[in-house]
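S.K.: Input work_17.txt, format and content: compact mmCIF, C-alpha atoms.
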```txt
# COMPACT_ATOMS: atom_id res chain seq x y z
CA LEU B 1 -7.86 -5.37 -5.29
CA SER B 2 -4.45 -4.59 -3.81
CA TYR B 3 -2.36 -7.76 -3.60
CA CYS B 4 1.02 -9.38 -4.18
CA TRP B 5 1.49 -11.14 -7.49
CA GLY B 6 4.26 -13.36 -6.16
CA GLY B 7 5.67 -13.92 -9.65
CA ASP B 8 4.32 -13.96 -13.18
CA GLN B 9 0.56 -14.60 -13.42
CA GLU B 10 -0.54 -17.55 -15.51
CA THR B 11 -4.07 -16.15 -15.75
CA ARG B 12 -3.66 -12.62 -17.05
CA LEU B 13 -5.12 -10.44 -19.78
CA THR B 14 -3.18 -10.53 -23.05
CA LYS B 15 -4.02 -9.61 -26.64
CA GLU B 16 -4.41 -13.30 -27.46
CA ARG B 17 -6.82 -13.95 -24.59
CA ALA B 18 -8.81 -10.69 -24.74
CA LEU B 19 -11.67 -12.02 -26.89
CA GLU B 20 -11.92 -15.22 -24.87
CA TYR B 21 -12.00 -13.35 -21.55
CA ARG B 22 -14.71 -10.96 -22.76
CA SER B 23 -17.08 -13.91 -23.12
CA GLY B 24 -16.37 -14.96 -19.55
CA ILE B 25 -13.74 -16.39 -17.22
CA LEU B 26 -14.28 -19.49 -15.13
CA SER B 27 -13.77 -18.23 -11.59
CA THR B 28 -12.20 -21.50 -10.45
CA SER B 29 -9.41 -20.96 -13.01
CA LEU B 30 -8.33 -17.77 -11.25
CA PRO B 31 -5.66 -17.57 -8.53
CA GLN B 32 -7.05 -18.08 -5.03
CA THR B 33 -6.49 -14.46 -3.99
CA ILE B 34 -8.68 -13.24 -6.85
CA GLN B 35 -11.29 -15.90 -6.05
CA ASP B 36 -11.34 -14.69 -2.45
CA ALA B 37 -11.68 -11.08 -3.62
CA ILE B 38 -14.66 -12.07 -5.79
CA HIS B 39 -16.26 -13.67 -2.73
CA VAL B 40 -15.74 -10.50 -0.67
CA THR B 41 -17.08 -8.30 -3.49
CA ARG B 42 -20.26 -10.36 -3.76
CA SER B 43 -20.66 -10.38 0.02
CA LEU B 44 -20.52 -6.57 -0.02
CA LYS B 45 -23.24 -6.56 -2.73
CA LEU B 46 -20.90 -4.78 -5.15
CA GLN B 47 -21.08 -5.43 -8.88
CA TYR B 48 -17.53 -4.84 -10.09
CA LEU B 49 -14.03 -5.82 -9.01
CA TRP B 50 -10.92 -4.22 -10.54
CA VAL B 51 -7.86 -6.50 -10.74
CA ASP B 52 -4.76 -5.23 -12.52
CA SER B 53 -3.75 -8.57 -14.08
CA LEU B 54 -7.22 -8.97 -15.65
CA CYS B 55 -8.06 -5.33 -16.44
CA ILE B 56 -4.80 -4.21 -18.08
CA LEU B 57 -3.35 -5.75 -21.25
CA GLN B 58 -0.12 -7.13 -19.84
CA ASP B 59 1.61 -7.46 -23.23
CA ASP B 60 0.73 -4.00 -24.56
CA PRO B 61 3.27 -1.42 -23.29
CA GLN B 62 1.24 1.57 -24.54
CA GLU B 63 -2.00 0.51 -22.87
CA LYS B 64 -0.10 -0.50 -19.75
CA ALA B 65 1.45 2.97 -19.46
CA ALA B 66 -1.93 4.63 -20.05
CA GLU B 67 -3.64 2.45 -17.44
CA ILE B 68 -0.93 3.11 -14.87
CA ASP B 69 -1.74 6.82 -15.19
CA LYS B 70 -5.41 6.02 -14.50
CA MET B 71 -4.75 3.77 -11.49
CA VAL B 72 -4.79 6.77 -9.16
CA ASP B 73 -8.42 7.41 -10.11
CA TYR B 74 -9.34 3.72 -9.92
CA PHE B 75 -8.21 3.38 -6.32
CA LYS B 76 -9.25 6.88 -5.24
CA GLU B 77 -12.80 6.51 -6.61
CA ALA B 78 -13.32 2.87 -5.65
CA GLU B 79 -16.14 2.07 -3.23
CA VAL B 80 -13.59 0.10 -1.21
CA THR B 81 -10.13 -1.40 -1.74
CA ILE B 82 -9.66 -5.02 -0.72
CA CYS B 83 -6.13 -5.37 0.64
CA ALA B 84 -4.91 -8.99 0.63
CA ALA B 85 -2.20 -8.21 3.19
CA SER B 86 -1.45 -11.76 4.33
CA ALA B 87 -0.89 -13.43 0.93
CA LYS B 88 2.64 -13.27 -0.47
CA ALA B 89 1.46 -14.73 -3.80
CA ALA B 90 -1.79 -14.59 -5.75
CA SER B 91 -2.07 -18.37 -5.51
CA GLU B 92 -2.32 -18.33 -1.69
CA GLY B 93 -5.59 -16.51 -1.03
CA PHE B 94 -6.39 -14.47 2.08
CA LEU B 95 -9.59 -15.99 3.51
CA GLY B 96 -7.99 -19.12 4.92
CA ILE B 97 -7.07 -20.04 8.47
CA MET B 98 -5.54 -17.15 10.40
CA ALA B 99 -1.99 -17.41 11.68
CA GLU B 100 -1.53 -18.60 15.23
CA ILE B 101 -1.21 -15.72 17.68
CA ARG B 102 2.22 -15.63 19.30
CA TYR B 103 2.89 -14.35 22.81
CA ALA B 104 6.03 -12.87 24.33
CA ALA B 105 4.79 -14.09 27.73
CA GLY B 106 1.84 -16.24 28.77
CA PRO B 107 -1.03 -16.58 28.46
CA PHE B 108 -1.55 -17.34 32.17
CA GLU B 109 -5.04 -18.17 33.38
CA LEU B 110 -6.05 -17.05 36.87
CA GLN B 111 -9.25 -17.85 38.70
CA TYR B 112 -11.44 -14.84 39.44
CA ARG B 113 -14.60 -14.59 41.49
CA CYS B 114 -17.12 -12.28 39.87
CA LEU B 115 -19.27 -9.77 41.73
CA GLY B 116 -22.24 -12.13 41.50
CA GLY B 117 -20.30 -14.89 43.21
CA GLU B 118 -19.62 -16.99 40.10
CA LEU B 119 -16.11 -18.35 39.68
CA GLY B 120 -14.53 -17.32 36.41
CA SER B 121 -11.06 -16.73 35.08
CA ILE B 122 -8.93 -14.04 33.46
CA GLN B 123 -5.92 -14.35 31.17
CA LEU B 124 -2.69 -12.40 31.44
CA PHE B 125 -0.32 -12.23 28.48
CA GLN B 126 2.06 -10.04 26.56
CA GLU B 127 1.69 -9.99 22.81
CA ALA B 128 4.72 -10.69 20.64
CA GLU B 129 5.77 -8.28 17.92
CA LEU B 130 3.93 -9.04 14.69
CA GLU B 131 5.89 -10.09 11.62
CA PRO B 132 5.50 -7.71 8.66
CA GLU B 133 2.77 -8.75 6.27
CA PRO B 134 3.80 -9.58 2.68
CA ILE B 135 1.80 -6.62 1.31
CA ALA B 136 4.10 -4.23 3.22
CA ALA B 137 7.07 -5.41 1.16
CA ARG B 138 5.59 -4.76 -2.32
CA ALA B 139 6.30 -1.34 -3.82
CA TRP B 140 3.14 -0.95 -5.90
CA THR B 141 0.78 -1.54 -2.98
CA LEU B 142 2.01 1.50 -1.00
CA GLN B 143 0.42 3.80 -3.55
CA GLU B 144 -2.70 1.67 -4.04
CA THR B 145 -3.77 1.64 -0.41
CA SER B 146 -2.58 5.15 0.46
CA ILE B 147 -4.71 6.68 -2.28
CA SER B 148 -7.79 4.58 -1.47
CA ARG B 149 -10.50 6.28 0.59
CA LYS B 150 -11.69 3.07 2.26
CA THR B 151 -9.78 -0.17 2.72
CA LEU B 152 -10.57 -3.64 4.04
CA ILE B 153 -7.26 -5.10 5.23
CA TYR B 154 -7.10 -8.88 5.51
CA SER B 155 -3.98 -9.52 7.62
CA SER B 156 -2.73 -12.80 9.11
CA ASN B 157 -4.43 -12.26 12.47
CA GLN B 158 -7.37 -9.96 11.95
CA LEU B 159 -9.60 -8.02 9.59
CA GLN B 160 -9.31 -4.23 9.68
CA TRP B 161 -11.37 -1.41 8.28
CA SER B 162 -9.48 1.77 7.49
CA CYS B 163 -10.79 5.03 6.08
CA LEU B 164 -10.12 8.75 6.36
CA GLU B 165 -12.30 8.95 9.47
CA THR B 166 -11.42 5.90 11.57
CA GLN B 167 -9.83 2.47 11.84
CA VAL B 168 -11.39 -0.53 13.52
CA ARG B 169 -10.42 -4.19 14.00
CA ASP B 170 -12.38 -7.38 14.56
CA GLY B 171 -10.15 -8.46 17.44
CA GLY B 172 -6.80 -10.21 17.42
CA PRO B 173 -3.48 -8.64 18.44
CA SER B 174 -3.71 -5.02 19.47
CA LYS B 175 -0.13 -4.00 18.77
CA GLY B 176 0.17 -0.72 16.96
CA GLY B 177 -1.62 2.56 17.45
CA LEU B 178 -0.97 6.14 16.53
CA MET B 179 1.89 6.59 14.15
CA ASP B 180 4.78 8.94 14.87
CA THR B 181 3.44 12.49 15.11
CA ARG B 182 5.55 13.43 12.11
CA ALA B 183 3.17 11.46 9.89
CA TRP B 184 0.01 12.72 8.25
CA PRO B 185 -2.67 13.85 10.75
CA GLY B 186 -5.27 11.22 11.58
CA ARG B 187 -3.18 8.44 10.10
CA THR B 188 -2.54 5.40 12.28
CA GLU B 189 -0.37 2.43 11.57
CA ILE B 190 0.13 -1.13 12.71
CA PRO B 191 3.81 -2.08 12.24
CA SER B 192 3.06 -5.35 10.43
CA ILE B 193 1.06 -3.58 7.70
CA GLN B 194 2.78 -0.22 7.57
CA GLY B 195 1.70 1.84 4.59
CA THR B 196 -1.69 0.17 4.05
CA HIS B 197 -3.90 2.99 5.31
CA PRO B 198 -5.58 5.85 3.41
CA LEU B 199 -3.52 9.03 3.26
CA PRO B 200 -5.54 12.15 4.13
CA GLU B 201 -4.97 15.33 2.20
CA SER B 202 -2.81 17.70 4.21
CA ASN B 203 -3.28 21.38 4.97
CA ARG B 204 -0.01 21.68 6.83
CA TYR B 205 3.08 23.76 6.18
CA GLY B 206 5.23 22.92 3.18
CA CYS B 207 8.21 21.81 5.28
CA GLU B 208 6.03 19.28 7.10
CA ILE B 209 4.59 17.94 3.84
CA LEU B 210 8.12 17.65 2.45
CA HIS B 211 9.20 15.69 5.52
CA ASP B 212 6.21 13.39 5.09
CA TRP B 213 7.19 12.83 1.46
CA HIS B 214 10.70 11.87 2.53
CA LEU B 215 9.27 9.36 5.05
CA THR B 216 7.03 7.93 2.34
CA VAL B 217 9.98 7.53 -0.04
CA GLU B 218 11.99 5.78 2.69
CA ASN B 219 9.14 3.30 3.14
CA TYR B 220 8.79 2.88 -0.62
CA MET B 221 12.50 2.28 -1.24
CA SER B 222 12.55 -0.51 1.35
CA ARG B 223 10.03 -2.49 -0.72
CA ARG B 224 10.53 -5.00 -3.53
CA MET B 225 9.80 -4.32 -7.17
CA THR B 226 9.65 -6.98 -9.90
CA GLN B 227 10.13 -4.57 -12.80
CA PRO B 228 12.91 -2.02 -12.06
CA GLU B 229 11.57 0.38 -14.69
CA ASP B 230 8.43 0.81 -12.56
CA LYS B 231 10.37 2.66 -9.84
CA LEU B 232 8.89 6.10 -10.66
CA PRO B 233 5.50 5.05 -12.13
CA ALA B 234 4.65 3.03 -9.01
CA ILE B 235 4.74 6.14 -6.82
CA SER B 236 3.54 8.73 -9.35
CA GLY B 237 -0.01 8.70 -7.97
CA LEU B 238 1.21 9.54 -4.49
CA ALA B 239 3.32 12.31 -5.98
CA GLN B 240 0.14 13.84 -7.43
CA ARG B 241 -1.45 13.80 -3.97
CA TYR B 242 1.59 15.45 -2.40
CA LYS B 243 1.79 18.04 -5.16
CA ALA B 244 -1.71 19.21 -4.25
CA GLY B 245 -0.48 19.65 -0.68
CA PHE B 246 2.57 21.57 -1.83
CA ILE B 247 0.40 23.92 -3.91
CA ARG B 248 -1.79 24.68 -0.89
CA ALA B 249 1.31 25.30 1.23
CA LYS B 250 3.31 27.18 -1.42
CA ALA B 251 3.41 30.37 0.64
CA SER B 252 5.41 28.58 3.35
CA PHE B 253 8.37 28.01 1.03
CA ALA B 254 11.02 30.69 1.01
CA GLU B 255 10.98 31.21 -2.76
CA ARG B 256 7.23 30.46 -3.14
CA ARG B 257 7.80 28.64 -6.41
CA GLU B 258 5.30 26.35 -8.09
CA PRO B 259 6.07 22.76 -6.99
CA VAL B 260 7.49 20.72 -9.86
CA TYR B 261 8.01 16.98 -9.47
CA ALA B 262 11.36 16.02 -11.01
CA ALA B 263 12.32 12.34 -10.95
CA GLY B 264 11.14 11.86 -7.37
CA LEU B 265 12.33 15.23 -6.03
CA TRP B 266 10.59 18.59 -5.65
CA THR B 267 12.15 21.63 -7.28
CA CYS B 268 10.53 23.97 -4.72
CA ALA B 269 12.78 22.34 -2.11
CA MET B 270 15.58 20.86 -4.17
CA ASP B 271 18.31 21.71 -1.65
CA SER B 272 16.88 19.42 1.04
CA SER B 273 15.50 16.88 -1.47
CA LEU B 274 19.05 16.16 -2.65
CA LEU B 275 20.18 15.14 0.84
CA TRP B 276 19.10 11.49 0.51
CA VAL B 277 21.72 8.84 1.31
CA THR B 278 21.81 5.09 0.88
CA VAL B 279 21.51 2.93 3.98
CA SER B 280 24.01 0.31 2.83
CA PRO B 281 27.01 0.31 0.47
CA ALA B 282 25.41 -2.75 -1.13
CA VAL B 283 22.78 -0.55 -2.78
CA THR B 284 23.10 -0.87 -6.56
CA ARG B 285 22.29 1.17 -9.65
CA PRO B 286 20.41 -0.40 -12.60
CA GLN B 287 22.33 -1.11 -15.79
CA LYS B 288 19.58 0.53 -17.84
CA TYR B 289 19.01 4.27 -17.37
CA ARG B 290 15.96 4.96 -15.21
CA ALA B 291 16.49 8.36 -13.59
CA PRO B 292 19.20 11.04 -13.19
CA SER B 293 22.05 10.08 -10.87
CA TRP B 294 20.97 12.73 -8.35
CA SER B 295 17.59 11.04 -7.87
CA TRP B 296 16.90 8.27 -5.33
CA ALA B 297 15.04 6.53 -8.19
CA ALA B 298 18.43 5.84 -9.77
CA VAL B 299 19.32 3.29 -7.08
CA ASP B 300 17.89 -0.03 -5.86
CA GLY B 301 17.75 -0.47 -2.12
CA PRO B 302 16.82 1.39 1.07
CA ILE B 303 17.70 5.04 1.57
```
Represent the structure of the file as structure tokens.
M.R.:
Amino acid sequence: LSYCWGGDQETRLTKERALEYRSGILSTSLPQTIQDAIHVTRSLKLQYLWVDSLCILQDDPQEKAAEIDKMVDYFKEAEVTICAASAKAASEGFLGIMAEIRYAAGPFELQYRCLGGELGSIQLFQEAELEPEPIAARAWTLQETSISRKTLIYSSNQLQWSCLETQVRDGGPSKGGLMDTRAWPGRTEIPSIQGTHPLPESNRYGCEILHDWHLTVENYMSRRMTQPEDKLPAISGLAQRYKAGFIRAKASFAERREPVYAAGLWTCAMDSSLLWVTVSPAVTRPQKYRAPSWSWAAVDGPI
């Protein structure tokens, strides 16, 4: 499950509750988003559902760090990732009534006589721009859905299926389409849920992969993060995926050095990696050391 916590979770796995939870958890005691995810899992005839707040000891720093390293495998190897895109908090759920569709113009209904002589009607309208979904503002979820092979995205207006081969919708607004050609091949985006689609492995030139990494970091740095110390861990899985691409494209770099990931930057292209700039002078640096000053991970805010 990829979702927004929306604050501290009252129902979460802790050392004190571990024994109690092993004997069973009353599903009605869980936040609505998790209840909805259980319903979807059962509907898909799947046996297991992985939820971070219930599968990771939240008060054990050592286990938490170890499990964060494994999260890449959890999402990559999952049968499907359920993306609760429309819920800004775990208490909200994502299977409720869909948001009302807004129009920039119309709809206007016009009478139309069909070829068989029957009198029908057609509607003309222009769709309004969709508001960004809450999931697109959470830092952790960028990695979760990008690494997943198959994703069910429950947005405010429609259900979407996204995998490495295709993307389909069950209707609703049709805004969106192919992403900028600079992005990964085969990857499409809908503006309201940007960054919620599987990220194919790339066989392109190193400079193109590097540019894609910079676009990914820009997206990531525009998102919110509850725990500032998670800045690098929350994107480490994506870094592993990009490193594999850099290794395949190593020959395209001038110095042909082995790609080393250093606090969010790549040593095989350090000159261009250091050219990041903050978008606003209001961007701050954390009081507690988190990364070297030359790394974008050392600031909070968009770059």
S.K.: Between atom CA of B:Glu218 and atom CA of B:Val299, what distance in Å does the model show, to one decimal?
M.R.: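 Going from atom CA of B:Glu218 over to atom CA of B:Val299, I get 12.5 Å.
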S.K.: Could you give me the axis-aligned bounding box of stretch 138-146 of chain B, with 6 Å of padding per side, as centre plus edge lengths in Å to one decimal, as AutoDock Vina command-line options?
M.R.:
```
--center_x 1.3 --center_y 0.2 --center_z -2.7 --size_x 22.1 --size_y 21.9 --size_z 18.4
```
S.K.: Hey, what's within 10 Å of B:Glu10 if we count only C-alpha atoms and toss same-chain stuff fewer than 2 positions away? As a list in words, please?
M.R.: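 Once the nearby chain positions are removed, what remains is Gly7, Asp8, Arg12, Leu13, Ser29, Leu30, Pro31 and Ser53 of chain B.
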S.K.: Could you give me, as a list in words, the residues within 6 Å of stretch 161-164 of chain B, counting only C-alpha atoms and dropping anything in the same chain fewer than 2 positions from it?
M.R.: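 So, after excluding close chain neighbours, the residues are Arg149, Lys150, Thr151, Leu152, Thr166, Gln167, Val168 and Pro198 of chain B.
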S.K.: One decimal, Å: what's the distance from atom CA of B:His39 over to atom CA of B:Gly93, could you say?
M.R.: 11.2 Å
S.K.: Using only C-alpha atoms, which of the listed residues (B:Val260, B:Ser43, B:Glu229, B:Glu92) sits closest to B:Lys288?
M.R.: B:Glu229
S.K.: Calculated over only C-alpha atoms, which of the candidates B:Ser155, B:Thr33, B:Gln287, B:Thr226 has the smallest distance to B:Ser91?
M.R.: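 Between B:Ser155, B:Thr33, B:Gln287, B:Thr226, the residue approaching B:Ser91 most closely is B:Thr33.
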S.K.: For the atom pair atom CA of B:Asp230 and atom CA of B:Trp140, what is the interatomic distance in Å to one decimal place?
M.R.: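 Taking atom CA of B:Asp230 as the start and atom CA of B:Trp140 as the end point, the length is 8.7 Å.
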S.K.: So, counting only C-alpha atoms, which residue among B:Leu130, B:Ser273, B:Thr14, B:Val283 is closest to B:Lys64?
M.R.: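 Closest candidate: B:Thr14.
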S.K.: Using only C-alpha atoms, which protein or nucleic acid residues come within 8 Å of B:Ala239? Drop anything in the same chain fewer than 4 positions from it, and give the result as an mmCIF file with C-alpha atoms, in the frame of the given file.
M.R.:
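Generated file (result_5.cif):
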```
data_model
loop_
_atom_site.group_PDB
_atom_site.id
_atom_site.type_symbol
_atom_site.label_atom_id
_atom_site.label_comp_id
_atom_site.auth_asym_id
_atom_site.auth_seq_id
_atom_site.Cartn_x
_atom_site.Cartn_y
_atom_site.Cartn_z
ATOM 1 C CA ILE B 235 4.740 6.140 -6.820
ATOM 2 C CA LYS B 243 1.790 18.040 -5.160
ATOM 3 C CA TYR B 261 8.010 16.980 -9.470
ATOM 4 C CA GLY B 264 11.140 11.860 -7.370
#
```
S.K.: Report as a PyMOL selection string all protein, DNA and RNA residues lying within 12 Å of B:Ala298, evaluated on all atoms listed in the file, omitting residues in the same chain fewer than 2 positions from it.
M.R.: chain B and resi 221+228-232+263-265+276-278+283-296+300-303
S.K.: Taking into account all atoms listed in the file, which residue in the set B:Ser121, B:Ser2, B:Gln35, B:Gln143 is nearest to B:Gly237?
M.R.: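 Going through B:Ser121, B:Ser2, B:Gln35, B:Gln143 one by one, the smallest distance to B:Gly237 is for B:Gln143.
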S.K.: With distances taken over all atoms listed in the file, which residue among B:Asp59, B:Gln240, B:Leu1, B:Gln47 lies nearest B:Glu16?
M.R.: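 Once distances to B:Glu16 are computed over all atoms listed in the file, the minimum belongs to B:Asp59.
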S.K.: Set the distance at 8 Å and use only C-alpha atoms: which residues neighbour B:Trp5 once local chain neighbours fewer than 5 positions away are removed? I'd like the list as a short mmCIF file (atom, residue, chain, number, x, y, z; two decimals) with C-alpha atoms, in the frame of the given file.
M.R.:
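Final file, out-v8.cif:
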```cif
data_model
loop_
_atom_site.label_atom_id
_atom_site.label_comp_id
_atom_site.auth_asym_id
_atom_site.auth_seq_id
_atom_site.Cartn_x
_atom_site.Cartn_y
_atom_site.Cartn_z
CA LYS B 88 2.64 -13.27 -0.47
CA ALA B 89 1.46 -14.73 -3.80
CA ALA B 90 -1.79 -14.59 -5.75
#
```
S.K.: Got a moment to write stretch 267-291 of chain B out with C-alpha atoms, as a PDB file, in the first residue's frame?
M.R.:
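Below is the file result00.pdb, written as the result:
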```
ATOM      1  CA  THR B 267      30.491  11.162  -8.893  1.00  0.00           C
ATOM      2  CA  CYS B 268      30.660  10.079 -12.553  1.00  0.00           C
ATOM      3  CA  ALA B 269      29.051  13.419 -13.413  1.00  0.00           C
ATOM      4  CA  MET B 270      29.815  15.551 -10.385  1.00  0.00           C
ATOM      5  CA  ASP B 271      30.440  18.730 -12.389  1.00  0.00           C
ATOM      6  CA  SER B 272      26.855  18.930 -13.664  1.00  0.00           C
ATOM      7  CA  SER B 273      25.364  17.373 -10.513  1.00  0.00           C
ATOM      8  CA  LEU B 274      26.642  20.318  -8.471  1.00  0.00           C
ATOM      9  CA  LEU B 275      24.716  22.832 -10.594  1.00  0.00           C
ATOM     10  CA  TRP B 276      21.473  22.583  -8.587  1.00  0.00           C
ATOM     11  CA  VAL B 277      19.963  25.842  -7.335  1.00  0.00           C
ATOM     12  CA  THR B 278      17.130  26.634  -4.962  1.00  0.00           C
ATOM     13  CA  VAL B 279      13.901  27.979  -6.425  1.00  0.00           C
ATOM     14  CA  SER B 280      13.221  30.432  -3.604  1.00  0.00           C
ATOM     15  CA  PRO B 281      15.394  32.299  -1.086  1.00  0.00           C
ATOM     16  CA  ALA B 282      12.989  30.979   1.557  1.00  0.00           C
ATOM     17  CA  VAL B 283      14.503  27.504   1.240  1.00  0.00           C
ATOM     18  CA  THR B 284      16.021  26.503   4.588  1.00  0.00           C
ATOM     19  CA  ARG B 285      18.721  24.192   5.894  1.00  0.00           C
ATOM     20  CA  PRO B 286      18.014  21.802   8.805  1.00  0.00           C
ATOM     21  CA  GLN B 287      19.561  22.553  12.186  1.00  0.00           C
ATOM     22  CA  LYS B 288      20.747  18.952  12.478  1.00  0.00           C
ATOM     23  CA  TYR B 289      23.372  17.737   9.985  1.00  0.00           C
ATOM     24  CA  ARG B 290      21.832  15.603   7.254  1.00  0.00           C
ATOM     25  CA  ALA B 291      24.094  15.878   4.206  1.00  0.00           C
TER      26      ALA B 291
END
```
